[in-house]
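Engineer: Please see the structure below; I have some questions.
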Amino acid sequence: MEYRQFNKTGLFVSEIGIGTNRFGHKVDKKDVVKILHYCVDNNINHIDTANVYANGKSEKILGESFGNLRKDFIIGTKVGWNNSYDNDLGLLSSRSINYHVNNSLTKLKTDYIDILWLHKWDNTTHIDETLTTINSLINLGKIRYIGISNFNSWQTALTLVKAKTIYNIEIIATQSEYNLINRNTYSELYECLKYFNLSLVPFFPLASGFLTGKYKKNVIPENSRAEWADYMKVMFKSNYFSFLEELSVIAKHYECSLTEISIAWLLSHSNVTSVINGVRNVKQLKENIKSSGIQINMNDLILIESMYEKHFK
């Protein structure tokens, strides 16, 4: 497993990160313990969770499962998503952040959070209130690094400038959805990322499973996300499946799966620090980590871009 450095910091994380939004929901404690031990055995140190994942059960089951492994992980959690405590108001207010950070520390059974992510922009709370609170929590030693998630380009730029110039806080990265077929957010953020030398941590690297190749045209597997996720309906069109067919030819050339080539493509980006992979079991994790060793050559990267242009532009 290769490690990458968050820009402008001394923090290194594994190229493959573990997404835990199913922990405590579809994944029980027995499987979580297996996943964590497999991570340690294979040098995966990046764990990503949130105060709202599985209605708070994700953090709780992680805290119950770490045992003496806490020191082996860089743990990121989040505040700022809609939840019953805040009644969807003041999600990044001082009241909300302090409550959720302390609650997350309790559930995770830890004294500190490695990375606190602001989960989304809060239109009801001024960013200065948010950053003042973050600064206080850093000084108290409760959080060590700050990232942002689901911010657009102007929100990202404003937050970075204010954080650095007024509060002496370095925003280390942004999280956003980014994969071979969903590139809108990355395209919007690209110039901002480049100007600020900001690290990117993509989530949904497999487009909710579509890039694994498990879906067939006009066939939705039982118990799959596509059964209830309306946003996936757009992918069940001919151009998406044609793209997968061409991508599978490239994957075959590298003797790997569609899953592996899709994650490897993200890792080909110099500004990507770690790719968040939601896993339910060790079997899925074993396949995902193989992508860390795949180096896609420039000709094939260009070919993938031309395929994307042909099918989605």
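In the structure tokens, each chain is lettered A, B, ... as it comes, each chain's residues begin at 1, and ligands are numbered from 1 in order of appearance.
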Please return as a PyMOL selection string: the residues of stretch 50-172 of chain A that backbone DSSP assigns to alpha helix (DSSP H).

Structural biologist: chain A and resi 57-66+94-108+127-139+153-167

Engineer: Store the residues picked out above in a file with C-alpha atoms, as a PDB file, in the first residue's frame.

Structural biologist:
```
ATOM      1  CA  LYS A  57     -24.148   4.048  14.593  1.00  0.00           C
ATOM      2  CA  SER A  58     -21.104   4.157  12.317  1.00  0.00           C
ATOM      3  CA  GLU A  59     -18.999   6.093  14.819  1.00  0.00           C
ATOM      4  CA  LYS A  60     -20.302   3.988  17.694  1.00  0.00           C
ATOM      5  CA  ILE A  61     -19.474   0.641  16.117  1.00  0.00           C
ATOM      6  CA  LEU A  62     -16.025   1.903  15.130  1.00  0.00           C
ATOM      7  CA  GLY A  63     -15.361   2.965  18.718  1.00  0.00           C
ATOM      8  CA  GLU A  64     -16.429  -0.451  19.953  1.00  0.00           C
ATOM      9  CA  SER A  65     -14.250  -2.215  17.359  1.00  0.00           C
ATOM     10  CA  PHE A  66     -10.917  -0.362  17.502  1.00  0.00           C
ATOM     11  CA  SER A  94     -20.677  26.944  17.515  1.00  0.00           C
ATOM     12  CA  ARG A  95     -23.455  25.129  19.380  1.00  0.00           C
ATOM     13  CA  SER A  96     -23.710  22.384  16.793  1.00  0.00           C
ATOM     14  CA  ILE A  97     -19.997  21.841  16.206  1.00  0.00           C
ATOM     15  CA  ASN A  98     -19.156  21.649  19.906  1.00  0.00           C
ATOM     16  CA  TYR A  99     -21.980  19.225  20.585  1.00  0.00           C
ATOM     17  CA  HIS A 100     -21.195  16.904  17.691  1.00  0.00           C
ATOM     18  CA  VAL A 101     -17.418  16.909  18.162  1.00  0.00           C
ATOM     19  CA  ASN A 102     -17.788  15.963  21.828  1.00  0.00           C
ATOM     20  CA  ASN A 103     -20.401  13.344  20.940  1.00  0.00           C
ATOM     21  CA  SER A 104     -18.166  11.899  18.211  1.00  0.00           C
ATOM     22  CA  LEU A 105     -15.225  11.684  20.607  1.00  0.00           C
ATOM     23  CA  THR A 106     -17.405   9.742  23.040  1.00  0.00           C
ATOM     24  CA  LYS A 107     -18.721   7.329  20.411  1.00  0.00           C
ATOM     25  CA  LEU A 108     -15.332   6.791  18.817  1.00  0.00           C
ATOM     26  CA  ILE A 127     -18.222  31.166   8.206  1.00  0.00           C
ATOM     27  CA  ASP A 128     -16.408  33.270  10.831  1.00  0.00           C
ATOM     28  CA  GLU A 129     -18.447  31.669  13.609  1.00  0.00           C
ATOM     29  CA  THR A 130     -17.584  28.238  12.248  1.00  0.00           C
ATOM     30  CA  LEU A 131     -13.870  28.967  11.986  1.00  0.00           C
ATOM     31  CA  THR A 132     -13.706  30.600  15.426  1.00  0.00           C
ATOM     32  CA  THR A 133     -15.159  27.414  16.896  1.00  0.00           C
ATOM     33  CA  ILE A 134     -12.770  25.217  14.916  1.00  0.00           C
ATOM     34  CA  ASN A 135      -9.816  27.273  16.119  1.00  0.00           C
ATOM     35  CA  SER A 136     -10.899  26.764  19.717  1.00  0.00           C
ATOM     36  CA  LEU A 137     -11.222  22.991  19.267  1.00  0.00           C
ATOM     37  CA  ILE A 138      -7.777  22.793  17.679  1.00  0.00           C
ATOM     38  CA  ASN A 139      -6.287  24.686  20.626  1.00  0.00           C
ATOM     39  CA  SER A 153     -15.649  26.753  -5.746  1.00  0.00           C
ATOM     40  CA  TRP A 154     -16.515  30.144  -4.206  1.00  0.00           C
ATOM     41  CA  GLN A 155     -17.309  28.552  -0.830  1.00  0.00           C
ATOM     42  CA  THR A 156     -14.000  26.701  -0.975  1.00  0.00           C
ATOM     43  CA  ALA A 157     -11.993  29.808  -1.863  1.00  0.00           C
ATOM     44  CA  LEU A 158     -13.660  31.969   0.788  1.00  0.00           C
ATOM     45  CA  THR A 159     -13.173  29.364   3.512  1.00  0.00           C
ATOM     46  CA  LEU A 160      -9.522  28.749   2.648  1.00  0.00           C
ATOM     47  CA  VAL A 161      -8.623  32.445   2.579  1.00  0.00           C
ATOM     48  CA  LYS A 162     -10.431  33.325   5.803  1.00  0.00           C
ATOM     49  CA  ALA A 163      -9.161  30.230   7.610  1.00  0.00           C
ATOM     50  CA  LYS A 164      -5.540  30.958   6.729  1.00  0.00           C
ATOM     51  CA  THR A 165      -5.352  34.738   6.936  1.00  0.00           C
ATOM     52  CA  ILE A 166      -7.582  35.371   9.960  1.00  0.00           C
ATOM     53  CA  TYR A 167      -7.505  32.174  12.029  1.00  0.00           C
TER      54      TYR A 167
END
```

Engineer: Give me every strand (DSSP E) residue in stretch 58-275 of chain A, going by DSSP on the backbone, as JSON, numbers by chain.

Structural biologist: {"A": [74, 75, 76, 77, 78, 79, 113, 114, 115, 116, 117, 118, 143, 144, 145, 146, 147, 148, 149, 171, 172, 173, 174, 175, 176, 177, 199, 200, 201, 202, 203, 275]}

Engineer: Applying 10 Å and only C-alpha atoms, which residues near A:Tyr53 remain after dropping the ones on its own chain fewer than 4 positions away? List them as a list in words.

Structural biologist: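 Result of the neighbour search: Thr20, Asn21, Arg22, Phe23, Gly24, His25, Thr49, Lys57, Ser58, Glu59, Thr77, Lys78 and Trp81 of chain A.
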
Engineer: Which residues of stretch 85-187 of chain A come within 12 Å of stretch 273-277 of chain A, and what is each one's closest atom pair and distance in Å (one decimal), counting only C-alpha atoms, sorted by chain and residue number, as a tab-separated table?

Structural biologist:
```
residue	atom	partner	partner_atom	distance
A:Ile172	CA	A:Thr273	CA	10.3
A:Ala173	CA	A:Thr273	CA	8.6
A:Thr174	CA	A:Thr273	CA	10.1
A:Gln175	CA	A:Ile276	CA	9.2
A:Ser176	CA	A:Ile276	CA	10.1
A:Glu177	CA	A:Ile276	CA	9.8
A:Tyr178	CA	A:Val275	CA	9.6
A:Asn179	CA	A:Val275	CA	10.1
```

Engineer: Residues within 10 Å of A:Ile294, please, as a PDB file with C-alpha atoms, in the first residue's frame. Count only C-alpha atoms; anything in the same chain fewer than 4 positions from it doesn't count.

Structural biologist:
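Wrote it out as out_3.pdb, contents follow:
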```
ATOM      1  CA  TYR A 254      -3.891  -4.375 -17.153  1.00  0.00           C
ATOM      2  CA  GLU A 255      -5.227  -7.756 -16.038  1.00  0.00           C
ATOM      3  CA  CYS A 256      -7.525  -6.127 -13.528  1.00  0.00           C
ATOM      4  CA  GLU A 260      -9.542  -1.670  -9.936  1.00  0.00           C
ATOM      5  CA  ILE A 261      -9.084   0.382 -13.113  1.00  0.00           C
ATOM      6  CA  ILE A 263      -9.909   3.515  -8.634  1.00  0.00           C
ATOM      7  CA  ALA A 264      -6.493   3.487 -10.305  1.00  0.00           C
ATOM      8  CA  TRP A 265      -7.716   6.222 -12.670  1.00  0.00           C
ATOM      9  CA  LEU A 267      -5.099   7.691  -8.192  1.00  0.00           C
ATOM     10  CA  SER A 268      -3.473   8.842 -11.431  1.00  0.00           C
ATOM     11  CA  ILE A 289      -6.561  -2.308  -2.561  1.00  0.00           C
ATOM     12  CA  LYS A 290      -5.198  -3.967  -5.699  1.00  0.00           C
TER      13      LYS A 290
END
```

Engineer: Counting only C-alpha atoms, which of A:Met307, A:Leu193, A:Ile220, A:Leu206 gets nearest to A:Ser242?

Structural biologist: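 Residue with the minimum atom-to-atom distance to A:Ser242: A:Met307.
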
Engineer: Need the shell around A:Asn123: protein/DNA/RNA residues with any atom at most 10 Å away, counting only C-alpha atoms. Skip same-chain ones fewer than 6 positions apart. Format as a list of chain:residue names?

Structural biologist: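 Close residues of A:Asn123: A:Leu89, A:Gly90, A:Leu91, A:Leu92.
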
Engineer: Hey, what's within 7 Å of stretch 115-117 of chain A if we count only C-alpha atoms and toss same-chain stuff fewer than 5 positions away? As a count of residues only, please?

Structural biologist: 12

Engineer: Rank nothing, just name the residue among A:Ala207, A:Val234, A:Leu118, A:Cys192 nearest to A:Asn152, using only C-alpha atoms.

Structural biologist: A:Cys192

Engineer: Which is closest to A:Glu170 among A:Phe6, A:Phe73, A:Phe151, A:Phe203, if we use only C-alpha atoms?

Structural biologist: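 So, comparing all the options, the nearest one is A:Phe6.
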